[in-house]
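Shown next: work-v5.cif, given as mmCIF, C-alpha atoms and all ligand atoms.
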```
data_my_file
loop_
_atom_site.label_atom_id
_atom_site.label_comp_id
_atom_site.auth_asym_id
_atom_site.auth_seq_id
_atom_site.Cartn_x
_atom_site.Cartn_y
_atom_site.Cartn_z
CA MET A 1 87.12 87.91 90.74
CA SER A 2 87.13 85.19 93.24
CA LEU A 3 90.49 84.31 94.62
CA GLU A 4 91.34 81.15 96.39
CA ARG A 5 91.81 81.51 100.07
CA TYR A 6 94.66 79.19 100.47
CA LEU A 7 95.33 79.83 104.08
CA LEU A 8 92.35 79.73 106.35
CA PRO A 9 92.58 80.69 109.96
CA ILE A 10 95.96 79.69 111.20
CA SER A 11 97.24 79.60 114.65
CA ILE A 12 100.88 79.42 115.42
CA LEU A 13 102.69 79.69 118.64
CA CYS A 14 106.28 80.42 118.17
CA PHE A 15 109.06 80.44 120.69
CA CYS A 16 112.38 81.39 119.32
CA CYS A 17 115.07 81.27 121.92
CA ASN A 18 118.27 82.21 120.27
CA THR A 19 121.62 82.52 121.82
CA CYS A 20 122.86 83.52 118.44
CA TYR A 21 120.80 84.24 115.41
CA SER A 22 122.14 81.74 113.08
CA ASN A 23 121.79 80.39 109.69
CA PRO A 24 119.28 77.62 109.29
CA ILE A 25 118.99 76.75 105.68
CA GLU A 26 115.60 75.47 104.59
CA GLY A 27 116.28 71.87 105.48
CA ARG A 28 117.59 72.74 108.87
CA LEU A 29 114.58 74.88 109.56
CA SER A 30 112.29 72.02 108.80
CA ASN A 31 114.20 69.89 111.27
CA CYS A 32 113.57 72.55 113.82
CA VAL A 33 109.89 72.67 113.06
CA ASP A 34 109.42 69.07 114.10
CA GLU A 35 109.69 70.10 117.68
CA VAL A 36 106.25 71.06 118.90
CA LEU A 37 105.96 72.74 122.20
CA PRO A 38 102.86 73.31 124.22
CA HIS A 39 102.09 76.93 124.86
CA LYS A 40 103.19 78.06 128.25
CA GLU A 41 103.57 81.37 129.98
CA ILE A 42 107.09 82.61 130.01
CA ALA A 43 108.41 84.63 132.88
CA TYR A 44 109.69 87.83 131.38
CA PRO A 45 113.19 88.72 132.26
CA THR A 46 114.24 91.96 133.76
CA TYR A 47 115.31 93.70 130.59
CA PHE A 48 111.71 94.64 130.04
CA GLY A 49 111.46 96.12 133.54
CA THR A 50 108.32 96.05 135.58
CA ILE A 51 104.91 97.24 134.55
CA ASN A 52 102.95 99.78 136.50
CA ASN A 53 100.01 99.16 138.77
CA GLU A 54 96.62 98.52 137.39
CA ASP A 55 94.34 101.43 136.82
CA HIS A 56 90.69 100.79 136.33
CA ARG A 57 89.83 104.34 135.50
CA PHE A 58 92.02 104.40 132.44
CA GLN A 59 90.58 101.06 131.44
CA SER A 60 87.04 102.31 131.53
CA GLU A 61 87.95 105.53 129.73
CA LEU A 62 89.65 103.48 127.11
CA THR A 63 86.75 101.12 126.82
CA LYS A 64 84.51 104.09 126.20
CA ALA A 65 86.89 105.58 123.69
CA ILE A 66 87.50 102.53 121.61
CA GLY A 67 84.29 100.65 122.02
CA PHE A 68 85.52 97.53 123.79
CA LYS A 69 87.79 96.42 126.55
CA PRO A 70 91.45 96.66 125.65
CA ILE A 71 93.96 94.07 126.73
CA ILE A 72 95.97 96.61 128.57
CA SER A 73 95.30 95.71 132.15
CA ARG A 74 98.10 97.32 134.02
CA LEU A 75 98.01 101.03 133.77
CA ARG A 76 98.71 103.90 136.03
CA ARG A 77 96.45 106.72 136.96
CA LEU A 78 95.34 108.83 134.11
CA ASP A 79 93.54 112.12 134.19
CA ASN A 80 91.15 113.17 131.51
CA VAL A 81 92.40 111.12 128.61
CA GLY A 82 89.33 110.24 126.67
CA SER A 83 87.14 112.99 127.97
CA SER A 84 86.37 116.24 126.33
CA GLN A 85 84.97 118.13 129.23
CA THR A 86 84.08 121.75 128.71
CA SER A 87 86.71 122.68 131.29
CA ASN A 88 89.38 121.71 128.79
CA ARG A 89 91.17 124.62 127.31
CA VAL A 90 90.62 124.75 123.57
CA VAL A 91 93.65 125.80 121.57
CA ASN A 92 92.81 126.36 117.94
CA VAL A 93 95.79 126.69 115.62
CA ASP A 94 93.96 129.38 113.64
CA ASP A 95 94.06 131.61 116.72
CA PHE A 96 97.84 131.43 116.53
CA GLY A 97 98.06 132.54 112.95
CA ALA A 98 97.69 129.29 111.06
CA LYS A 99 96.14 129.85 107.63
CA GLY A 100 95.52 126.38 106.31
CA ASP A 101 95.83 127.69 102.78
CA GLY A 102 99.02 125.97 101.67
CA THR A 103 101.41 128.50 103.20
CA ASP A 104 103.79 127.41 105.95
CA ASP A 105 101.96 127.06 109.27
CA THR A 106 104.82 125.63 111.30
CA LYS A 107 105.32 128.70 113.50
CA ALA A 108 101.63 128.90 114.36
CA PHE A 109 101.55 125.22 115.34
CA GLU A 110 104.61 125.70 117.52
CA LYS A 111 103.03 128.60 119.36
CA ALA A 112 99.74 126.78 119.77
CA TRP A 113 101.54 123.74 121.13
CA GLU A 114 103.38 125.81 123.69
CA GLU A 115 100.05 127.15 124.89
CA ALA A 116 98.36 123.75 124.95
CA CYS A 117 101.23 122.10 126.70
CA SER A 118 101.61 124.62 129.47
CA PHE A 119 98.05 124.76 130.76
CA ALA A 120 95.43 122.52 132.26
CA PRO A 121 93.88 119.79 130.09
CA SER A 122 93.86 121.08 126.55
CA VAL A 123 92.27 120.27 123.26
CA PHE A 124 94.54 121.24 120.39
CA VAL A 125 92.33 121.78 117.35
CA VAL A 126 93.28 121.57 113.70
CA PRO A 127 90.11 122.83 112.00
CA LYS A 128 88.08 121.11 109.36
CA ASN A 129 88.19 121.75 105.62
CA LYS A 130 91.65 123.25 105.66
CA ASN A 131 95.04 121.96 104.69
CA TYR A 132 97.89 123.03 106.96
CA LEU A 133 101.40 122.85 105.59
CA LEU A 134 104.09 121.94 108.08
CA LYS A 135 107.85 121.64 108.03
CA PRO A 136 109.45 119.24 110.50
CA ILE A 137 108.14 120.10 113.95
CA THR A 138 108.61 118.72 117.45
CA PHE A 139 105.81 118.67 120.00
CA SER A 140 107.74 118.26 123.22
CA GLY A 141 106.56 117.36 126.66
CA PRO A 142 106.33 116.90 129.45
CA CYS A 143 103.15 118.95 129.48
CA ARG A 144 101.27 120.24 132.45
CA SER A 145 98.31 117.96 131.87
CA SER A 146 96.64 115.72 129.32
CA ILE A 147 96.28 116.85 125.73
CA THR A 148 93.84 115.84 123.04
CA ILE A 149 94.79 116.72 119.52
CA LYS A 150 91.83 116.87 117.21
CA ILE A 151 92.90 116.73 113.61
CA LEU A 152 89.69 117.52 111.80
CA GLY A 153 91.18 118.95 108.61
CA SER A 154 94.43 117.90 107.09
CA ILE A 155 98.08 118.39 107.77
CA GLU A 156 100.51 118.13 104.90
CA ALA A 157 104.28 117.92 104.88
CA SER A 158 106.37 120.40 103.01
CA SER A 159 107.70 118.79 99.88
CA HIS A 160 110.95 120.75 99.95
CA GLN A 161 113.69 118.46 101.10
CA SER A 162 115.73 121.48 102.15
CA ASP A 163 113.20 122.05 104.95
CA TRP A 164 114.56 118.95 106.65
CA ASN A 165 118.12 120.16 106.81
CA ASN A 166 118.06 122.19 109.99
CA LYS A 167 116.28 119.57 112.10
CA ASP A 168 117.49 116.09 112.91
CA GLY A 169 116.72 115.26 109.31
CA LYS A 170 114.54 112.34 110.18
CA HIS A 171 111.23 113.25 111.77
CA TRP A 172 108.40 115.26 110.37
CA LEU A 173 105.88 115.33 113.22
CA LEU A 174 107.58 114.27 116.43
CA PHE A 175 105.79 113.93 119.75
CA LYS A 176 108.36 113.56 122.44
CA MET A 177 107.78 112.75 126.09
CA VAL A 178 104.13 113.74 126.03
CA ASP A 179 102.09 111.67 128.48
CA ASN A 180 98.32 111.27 128.46
CA LEU A 181 98.05 112.17 124.81
CA ARG A 182 95.19 111.48 122.45
CA VAL A 183 95.37 112.13 118.74
CA GLU A 184 92.11 111.75 116.85
CA GLY A 185 89.54 113.63 114.82
CA GLY A 186 88.99 111.89 111.50
CA GLY A 187 91.35 114.17 109.59
CA THR A 188 94.34 113.40 107.40
CA VAL A 189 98.05 113.45 107.94
CA ASN A 190 99.70 113.58 104.53
CA GLY A 191 103.45 113.00 104.34
CA ASN A 192 103.54 114.16 100.74
CA GLY A 193 106.31 111.64 100.22
CA LYS A 194 106.48 111.50 96.46
CA THR A 195 109.62 113.54 96.12
CA TRP A 196 111.33 111.36 98.71
CA TRP A 197 110.41 108.05 97.12
CA GLU A 198 112.22 108.89 93.92
CA ASN A 199 115.59 109.05 95.62
CA SER A 200 114.82 106.95 98.62
CA CYS A 201 117.68 105.70 100.65
CA LYS A 202 117.48 103.08 103.35
CA THR A 203 119.76 104.93 105.68
CA ASN A 204 117.74 108.06 106.28
CA LYS A 205 114.56 106.36 107.60
CA LEU A 206 112.26 109.33 107.44
CA LEU A 207 109.25 109.23 109.68
CA ALA A 208 105.95 111.01 109.27
CA LEU A 209 104.43 110.66 112.70
CA THR A 210 106.63 109.65 115.60
CA PHE A 211 105.73 109.17 119.23
CA TYR A 212 108.82 108.90 121.35
CA SER A 213 108.76 108.13 125.06
CA CYS A 214 105.04 108.82 125.52
CA LYS A 215 103.02 107.16 128.26
CA ARG A 216 99.32 106.51 127.89
CA LEU A 217 98.82 107.33 124.25
CA ILE A 218 95.63 106.89 122.26
CA LEU A 219 95.66 107.28 118.50
CA SER A 220 92.37 106.86 116.79
CA ASN A 221 90.32 107.70 113.78
CA LEU A 222 92.91 109.20 111.49
CA ARG A 223 94.05 108.79 107.93
CA ILE A 224 97.76 108.79 107.46
CA LYS A 225 99.05 108.72 103.94
CA ASP A 226 102.00 108.98 101.62
CA SER A 227 104.68 109.21 104.26
CA GLN A 228 108.24 110.02 103.23
CA GLN A 229 109.11 106.61 104.67
CA MET A 230 107.56 105.07 107.82
CA HIS A 231 104.07 106.38 108.54
CA VAL A 232 103.64 105.95 112.27
CA SER A 233 106.49 105.08 114.58
CA ILE A 234 105.87 104.33 118.23
CA GLU A 235 109.14 104.25 120.10
CA GLU A 236 109.90 103.69 123.77
CA CYS A 237 106.27 104.24 124.70
CA ILE A 238 104.20 102.55 127.41
CA ASN A 239 100.46 101.85 127.29
CA VAL A 240 99.28 102.64 123.82
CA VAL A 241 96.08 102.03 121.91
CA ALA A 242 95.99 102.69 118.17
CA SER A 243 92.64 102.11 116.54
CA HIS A 244 90.69 102.99 113.43
CA LEU A 245 93.70 104.21 111.53
CA ILE A 246 93.76 104.09 107.77
CA VAL A 247 97.31 104.10 106.53
CA THR A 248 97.94 104.22 102.80
CA ALA A 249 100.74 104.73 100.32
CA PRO A 250 101.37 103.30 96.86
CA ASP A 251 102.74 99.76 96.93
CA THR A 252 105.70 101.02 94.96
CA SER A 253 106.76 103.55 97.60
CA PRO A 254 109.95 102.33 99.28
CA ASN A 255 110.29 101.72 103.03
CA THR A 256 106.90 103.13 103.84
CA ASP A 257 106.03 100.88 106.79
CA GLY A 258 102.56 101.45 108.17
CA ILE A 259 102.94 101.19 111.94
CA HIS A 260 106.38 100.61 113.40
CA ILE A 261 106.79 99.62 117.04
CA ALA A 262 110.13 99.82 118.82
CA GLY A 263 110.93 99.47 122.49
CA THR A 264 107.27 99.80 123.40
CA ARG A 265 105.38 97.93 126.10
CA ASN A 266 101.65 97.29 126.26
CA ILE A 267 100.33 98.30 122.91
CA GLN A 268 97.14 97.33 121.20
CA ILE A 269 96.55 98.03 117.53
CA MET A 270 93.09 97.35 116.31
CA ASN A 271 90.60 97.99 113.55
CA CYS A 272 93.24 99.39 111.25
CA VAL A 273 93.46 99.26 107.49
CA ILE A 274 97.01 99.46 106.24
CA GLY A 275 98.34 99.26 102.70
CA THR A 276 101.77 100.62 101.84
CA GLY A 277 105.02 99.78 100.08
CA ASP A 278 106.58 98.01 103.07
CA ASP A 279 105.50 96.22 106.26
CA CYS A 280 101.96 96.96 107.41
CA ILE A 281 103.13 96.52 110.98
CA SER A 282 106.74 96.06 112.02
CA ILE A 283 107.74 95.22 115.56
CA VAL A 284 111.34 95.56 116.59
CA SER A 285 113.57 95.24 119.60
CA GLY A 286 112.44 96.03 123.12
CA SER A 287 108.77 95.54 122.35
CA LEU A 288 106.75 93.59 124.89
CA ASN A 289 103.07 92.79 125.04
CA VAL A 290 101.92 93.82 121.60
CA LYS A 291 98.46 92.87 120.46
CA ALA A 292 97.07 93.48 116.98
CA THR A 293 93.46 92.66 116.23
CA ASN A 294 91.21 93.21 113.22
CA ILE A 295 93.96 94.39 110.91
CA THR A 296 93.49 94.62 107.18
CA CYS A 297 96.87 94.58 105.52
CA GLY A 298 97.74 94.98 101.88
CA PRO A 299 99.40 95.75 99.65
CA GLY A 300 102.82 95.72 101.26
CA HIS A 301 105.16 93.30 102.95
CA GLY A 302 102.85 91.90 105.62
CA ILE A 303 103.20 91.89 109.38
CA SER A 304 106.77 91.53 110.60
CA ILE A 305 108.71 91.00 113.73
CA GLY A 306 112.16 92.36 113.06
CA SER A 307 114.43 92.74 111.59
CA LEU A 308 116.31 91.97 114.79
CA GLY A 309 119.97 91.75 115.56
CA HIS A 310 121.40 93.98 112.85
CA TYR A 311 125.07 94.91 113.33
CA GLU A 312 125.44 92.08 115.84
CA SER A 313 123.09 93.82 118.23
CA LYS A 314 121.12 92.32 121.09
CA ALA A 315 117.40 92.22 120.51
CA HIS A 316 114.42 91.03 122.50
CA VAL A 317 110.79 90.92 121.50
CA ALA A 318 108.22 89.03 123.52
CA LYS A 319 104.52 88.45 123.85
CA VAL A 320 103.26 89.48 120.47
CA MET A 321 99.85 88.40 119.37
CA VAL A 322 98.27 89.04 116.00
CA ASP A 323 94.72 87.80 116.36
CA GLY A 324 92.39 88.53 113.49
CA ALA A 325 93.89 89.88 110.31
CA THR A 326 93.15 89.84 106.63
CA ILE A 327 96.27 90.06 104.54
CA PHE A 328 96.04 90.44 100.78
CA GLY A 329 98.28 91.16 97.85
CA THR A 330 101.44 91.22 99.95
CA THR A 331 104.86 89.69 99.47
CA ASN A 332 104.84 88.14 102.96
CA GLY A 333 102.08 87.27 105.36
CA VAL A 334 103.51 87.04 108.84
CA ARG A 335 107.21 87.08 109.34
CA ILE A 336 110.00 86.92 111.89
CA LYS A 337 113.34 88.09 110.56
CA THR A 338 116.68 88.12 112.31
CA TRP A 339 120.17 88.94 111.11
CA GLU A 340 123.04 86.61 111.51
CA GLY A 341 125.43 87.61 114.23
CA GLY A 342 122.86 89.29 116.47
CA SER A 343 121.84 87.88 119.82
CA GLY A 344 118.72 87.80 121.96
CA ASN A 345 115.35 86.30 121.21
CA ALA A 346 111.86 86.67 119.85
CA ARG A 347 109.49 84.63 121.89
CA ASP A 348 105.92 83.92 122.71
CA ILE A 349 104.76 85.11 119.33
CA LYS A 350 101.26 84.11 118.29
CA PHE A 351 99.63 84.57 114.92
CA GLN A 352 96.07 83.40 114.81
CA ASN A 353 92.85 83.84 112.87
CA ILE A 354 94.65 85.19 109.89
CA VAL A 355 93.17 84.98 106.44
CA MET A 356 95.43 85.52 103.48
CA HIS A 357 94.64 86.10 99.84
CA ASP A 358 97.20 86.41 97.14
CA VAL A 359 100.19 86.36 99.46
CA ILE A 360 103.47 85.14 98.04
CA ARG A 361 105.08 83.83 101.25
CA PRO A 362 102.43 83.35 103.94
CA ILE A 363 104.68 82.46 106.87
CA VAL A 364 108.33 83.35 106.97
CA ILE A 365 110.83 82.71 109.72
CA ASP A 366 114.11 83.97 108.44
CA GLN A 367 117.13 83.71 110.68
CA ASN A 368 119.39 84.69 107.89
CA TYR A 369 117.91 88.02 107.03
CA CYS A 370 120.13 90.13 104.89
CA ASP A 371 118.87 93.39 103.50
CA SER A 372 121.95 94.83 101.92
CA LYS A 373 123.55 95.07 98.53
CA ASP A 374 126.48 92.89 99.55
CA PRO A 375 125.95 89.36 100.77
CA CYS A 376 125.98 89.04 104.55
CA PRO A 377 128.77 86.86 105.90
CA GLU A 378 127.89 83.72 107.75
CA GLN A 379 128.47 84.65 111.34
CA CYS A 380 127.81 82.00 113.85
CA PRO A 381 127.46 78.28 114.09
CA VAL A 382 123.97 76.85 114.34
CA SER A 383 123.29 75.84 117.89
CA PRO A 384 120.29 73.75 118.87
CA GLU A 385 118.79 76.62 120.87
CA SER A 386 118.69 78.82 117.83
CA CYS A 387 116.08 76.68 116.14
CA PRO A 388 112.72 78.33 116.23
CA ARG A 389 110.36 76.19 118.23
CA LEU A 390 106.93 76.28 116.79
CA ALA A 391 103.61 74.99 117.88
CA TYR A 392 100.71 74.80 115.50
CA SER A 393 97.33 74.54 117.05
CA GLU A 394 95.92 73.43 113.73
CA PRO A 395 98.35 71.08 112.05
CA GLU A 396 96.87 71.57 108.59
CA ALA A 397 97.80 75.22 108.80
CA VAL A 398 101.34 74.44 107.82
CA LYS A 399 100.38 72.62 104.66
CA PHE A 400 100.24 75.79 102.66
CA SER A 401 101.84 75.90 99.33
CA LEU A 402 103.70 78.84 98.00
CA THR A 403 101.69 80.38 95.26
CA LYS A 404 102.48 82.99 92.72
CA LYS A 405 101.14 86.43 93.03
CA ARG A 406 98.16 86.73 90.81
CA GLY A 407 97.78 90.40 90.25
CA LYS A 408 96.20 93.10 92.28
CA GLY A 409 92.54 92.16 92.30
CA THR A 410 91.02 91.11 95.59
CA PRO A 411 87.52 90.01 96.35
C1 LIG B 501 87.42 96.01 111.90
O1 LIG B 501 88.03 97.20 111.46
C2 LIG B 501 87.32 97.88 110.44
C3 LIG B 501 88.16 99.04 109.98
O2 LIG B 501 88.37 99.96 111.01
C4 LIG B 501 85.97 98.30 110.95
O3 LIG B 501 85.25 98.93 109.93
C5 LIG B 501 85.22 97.08 111.46
O4 LIG B 501 84.01 97.48 112.03
C6 LIG B 501 86.06 96.33 112.47
N1 LIG B 501 85.39 95.09 112.84
C7 LIG B 501 85.09 94.81 114.09
C8 LIG B 501 84.44 93.49 114.30
O5 LIG B 501 85.34 95.56 115.02
#
```
Go through the file and emit its structure as structure tokens.
Ligand SMILES: *[C@@H]1O[C@H](CO)[C@@H](O)[C@H](O)[C@H]1NC(C)=O
Amino acid sequence: MSLERYLLPISILCFCCNTCYSNPIEGRLSNCVDEVLPHKEIAYPTYFGTINNEDHRFQSELTKAIGFKPIISRLRRLDNVGSSQTSNRVVNVDDFGAKGDGTDDTKAFEKAWEEACSFAPSVFVVPKNKNYLLKPITFSGPCRSSITIKILGSIEASSHQSDWNNKDGKHWLLFKMVDNLRVEGGGTVNGNGKTWWENSCKTNKLLALTFYSCKRLILSNLRIKDSQQMHVSIEECINVVASHLIVTAPDTSPNTDGIHIAGTRNIQIMNCVIGTGDDCISIVSGSLNVKATNITCGPGHGISIGSLGHYESKAHVAKVMVDGATIFGTTNGVRIKTWEGGSGNARDIKFQNIVMHDVIRPIVIDQNYCDSKDPCPEQCPVSPESCPRLAYSEPEAVKFSLTKKRGKGTP
């Protein structure tokens, strides 16, 4: 079936400088859109802090690891990430009692992690052709040195909801404060989320794979599927490359975002194929310098910035570039969503070279986002600064028409 490509490469520069996320109704938004600004560098304010010194060694290691030069240009010293020298200590979960036969392997993984984390550069191996069942588990740092986790086989979440009760009830695999971490290997991380989807609730936000406060993180060559809710969440991290990830869940699975980025600086996501029941990529407050290239997204809800400013919070997102994406069969294409009553801004956002097929709402800038059962009260008056300021490098890009979803088939 050949589907019309109704939105050929678009390029948008968007500066949204809000003192108050307000409530532009359609007509008001189109008034705002008339203002076209040239692209200019914005000086980033101090809430993002300063970025570390440049490190060429990490750059070249990264270049080797991912096949081309990443945008990350300011990195600190990094030992051994990206290398698998024979001097690395190999920690195989099977040597710690893991069976990989569908019985609970959580204890064995915990022991193996302790070993890997407390010695010189380690390679933590999850062997091929086995399926390791894990309850919620935390891999905590800081570790003595760099760690490479090679997931060759598969890791599957316990499907018993009672297993979540004694932990924080939110994370399945949590990597916390582990610096110089690589996770790779071509294996599968299976959240086994079916039982969760049936009685899914927005408030619990279950996460399959979370990286919290990790510096210099490389995620590559993994399949992540059927998460309870969000698949991969990268929170408060600095200097991250995520590449060659295949993230999948049924389009009917609720709140199963593909890659979620919060409070993270310097992150590049590339060569990823993501199709889930929610956003393929979602970028929320505190994120700075996010680049996504060669992303295939669909089905799902598209690529989103936000939502920002929920519960009248302050939110800042800056310097996001999505350059090169194919989005198909999604409800939204690219989107910025903010709640009324919040404050802060989303600025220097670029979406370019994006091809969409069968997308219901290709470009959405919603300053009146309301994702609750009850209607959200109108909270603040519209001030001129709250208008999104957009620049289109190709004027015809905005002449899209909203089309109806035409079924699941894609070319
Ligand atoms: C884009 O990503 C896909 C999926 O990982 C990969 O197969 C393809 O080679 C990538 N294209 C380029 C130009 O890197």
Ligand LIG 501 (chain B) proximity check over A:Ala325, A:Leu173, A:Ile151, A:Cys280, using all atoms listed in the file: winner is A:Ala325
Write out as a VMD selection string which residues come within 12 Å of A:Asp168 when counting only C-alpha atoms, dropping same-chain ones fewer than 2 positions away.
-> chain A and resid 136 to 138 163 to 166 170 to 174 204 to 207
For ligand LIG 501 (chain B), collect every residue having any atom at a distance of at most 10 Å from a ligand atom (counting only C-alpha atoms and all ligand atoms); output as number ranges by chain.
-> A: 66-68, 220-221, 243-246, 270-274, 293-296, 324-326
Can you work out which one of A:Lys194, A:Lys373, A:Lys111, A:Lys128 has the shortest atom-to-atom distance to A:Lys225, counting all atoms listed in the file?
->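 That would be A:Lys194, the residue with the smallest distance to A:Lys225.
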From the list A:Asp374, A:His316, A:Asn368, A:Ala262, which residue is nearest A:Arg347 when using only C-alpha atoms?
->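 Closest to A:Arg347 of all the choices is A:His316.
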Separation of atom CA of A:Ile234 from atom CA of A:Cys297, in Å and rounded to one decimal | 18.4 Å
Closest of A:Met230, A:Val320, A:Val125, A:Met177 to A:Gly153 - atom-to-atom distances counting only C-alpha atoms | A:Val125
Select from stretch 205-287 of chain A every residue with an atom at most 12 Å from any atom of stretch 299-304 of chain A, then for each give the shortest pair of atoms and their distance in Å to one decimal, using only C-alpha atoms, rows by chain and rising number, as CSV.
```
residue,atom,partner,partner_atom,distance
A:Val247,CA,A:Pro299,CA,11.0
A:Thr248,CA,A:Pro299,CA,9.2
A:Ala249,CA,A:Pro299,CA,9.1
A:Pro250,CA,A:Pro299,CA,8.3
A:Asp251,CA,A:Pro299,CA,5.9
A:Thr252,CA,A:Gly300,CA,8.7
A:Ser253,CA,A:Gly300,CA,9.5
A:Pro254,CA,A:Gly300,CA,9.9
A:Asn255,CA,A:Gly300,CA,9.7
A:Thr256,CA,A:Gly300,CA,8.8
A:Asp257,CA,A:Gly300,CA,8.2
A:Gly258,CA,A:Gly300,CA,9.0
A:Ile259,CA,A:Ile303,CA,9.6
A:His260,CA,A:Ser304,CA,9.5
A:Ile261,CA,A:Ser304,CA,10.3
A:Val273,CA,A:Pro299,CA,10.4
A:Ile274,CA,A:Pro299,CA,7.9
A:Gly275,CA,A:Pro299,CA,4.8
A:Thr276,CA,A:Gly300,CA,5.0
A:Gly277,CA,A:Gly300,CA,4.8
A:Asp278,CA,A:Gly300,CA,4.8
A:Asp279,CA,A:His301,CA,4.4
A:Cys280,CA,A:Gly302,CA,5.4
A:Ile281,CA,A:Ile303,CA,4.9
A:Ser282,CA,A:Ser304,CA,4.7
A:Ile283,CA,A:Ser304,CA,6.3
A:Val284,CA,A:Ser304,CA,8.5
A:Ser285,CA,A:Ser304,CA,11.9
```
Which of these residues is nearest to A:Tyr212, using all atoms listed in the file: A:Lys314, A:Lys99, A:Lys176, A:Lys291?
-> A:Lys176
Might you pull out every residue within 8 Å of A:Ser313, with all atoms listed in the file counted and same-chain residues fewer than 5 positions away left off, and present them as a PDB file with C-alpha atoms, in the frame of the given file?
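Output contents, as saved in selection_19.pdb:
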```pdb
ATOM      1  CA  LEU A 308     116.310  91.970 114.790  1.00  0.00           C
ATOM      2  CA  GLY A 341     125.430  87.610 114.230  1.00  0.00           C
ATOM      3  CA  GLY A 342     122.860  89.290 116.470  1.00  0.00           C
ATOM      4  CA  SER A 343     121.840  87.880 119.820  1.00  0.00           C
TER       5      SER A 343
END
```
Which distance in Å separates atom CA of A:Gly186 and atom CA of A:Lys150, to one decimal?
-> 8.1 Å
Within 12 Å of (87.6, 128.6, 120.0) (coordinates as in the file), grab all the protein and nucleic acid residues, counting only C-alpha atoms, and write them out as a ChimeraX atom specification.
-> /A:86,88-96,122-127
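Taking atom CA of A:Gly187 as the reference point, atom CA of A:Ile149 is found at 10.8 Å.
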Shell around A:Gly309 at 12 Å using all atoms listed in the file, local window under 4 positions removed, as a PyMOL selection string | chain A and resi 18-22+284-286+305+313-317+336-346+367-370+379
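Each of A:Ala120, A:Leu134, A:Ala208, A:Val189 was compared to A:Ala108 using all atoms listed in the file, and A:Leu134 turns out to be the nearest.
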Which residues, protein or nucleic acid, reach to within 12 Å of (106.0, 107.9, 128.1) in the file's coordinates when using all atoms listed in the file, and can you give that as number ranges by chain?
-> A: 75-76, 140-143, 175-181, 211-218, 234-240, 263-266
Give me a file of those residues, with C-alpha atoms, as a PDB file, keeping the file's coordinate frame.
```
ATOM      1  CA  LEU A  75      98.010 101.030 133.770  1.00  0.00           C
ATOM      2  CA  ARG A  76      98.710 103.900 136.030  1.00  0.00           C
ATOM      3  CA  SER A 140     107.740 118.260 123.220  1.00  0.00           C
ATOM      4  CA  GLY A 141     106.560 117.360 126.660  1.00  0.00           C
ATOM      5  CA  PRO A 142     106.330 116.900 129.450  1.00  0.00           C
ATOM      6  CA  CYS A 143     103.150 118.950 129.480  1.00  0.00           C
ATOM      7  CA  PHE A 175     105.790 113.930 119.750  1.00  0.00           C
ATOM      8  CA  LYS A 176     108.360 113.560 122.440  1.00  0.00           C
ATOM      9  CA  MET A 177     107.780 112.750 126.090  1.00  0.00           C
ATOM     10  CA  VAL A 178     104.130 113.740 126.030  1.00  0.00           C
ATOM     11  CA  ASP A 179     102.090 111.670 128.480  1.00  0.00           C
ATOM     12  CA  ASN A 180      98.320 111.270 128.460  1.00  0.00           C
ATOM     13  CA  LEU A 181      98.050 112.170 124.810  1.00  0.00           C
ATOM     14  CA  PHE A 211     105.730 109.170 119.230  1.00  0.00           C
ATOM     15  CA  TYR A 212     108.820 108.900 121.350  1.00  0.00           C
ATOM     16  CA  SER A 213     108.760 108.130 125.060  1.00  0.00           C
ATOM     17  CA  CYS A 214     105.040 108.820 125.520  1.00  0.00           C
ATOM     18  CA  LYS A 215     103.020 107.160 128.260  1.00  0.00           C
ATOM     19  CA  ARG A 216      99.320 106.510 127.890  1.00  0.00           C
ATOM     20  CA  LEU A 217      98.820 107.330 124.250  1.00  0.00           C
ATOM     21  CA  ILE A 218      95.630 106.890 122.260  1.00  0.00           C
ATOM     22  CA  ILE A 234     105.870 104.330 118.230  1.00  0.00           C
ATOM     23  CA  GLU A 235     109.140 104.250 120.100  1.00  0.00           C
ATOM     24  CA  GLU A 236     109.900 103.690 123.770  1.00  0.00           C
ATOM     25  CA  CYS A 237     106.270 104.240 124.700  1.00  0.00           C
ATOM     26  CA  ILE A 238     104.200 102.550 127.410  1.00  0.00           C
ATOM     27  CA  ASN A 239     100.460 101.850 127.290  1.00  0.00           C
ATOM     28  CA  VAL A 240      99.280 102.640 123.820  1.00  0.00           C
ATOM     29  CA  GLY A 263     110.930  99.470 122.490  1.00  0.00           C
ATOM     30  CA  THR A 264     107.270  99.800 123.400  1.00  0.00           C
ATOM     31  CA  ARG A 265     105.380  97.930 126.100  1.00  0.00           C
ATOM     32  CA  ASN A 266     101.650  97.290 126.260  1.00  0.00           C
TER      33      ASN A 266
END
```
Can you pull out every residue within 6 Å of A:Gln228, counting only C-alpha atoms, but drop anything in the same chain fewer than 6 positions away, and send it as a ChimeraX atom specification?
-> /A:191,193,196,206
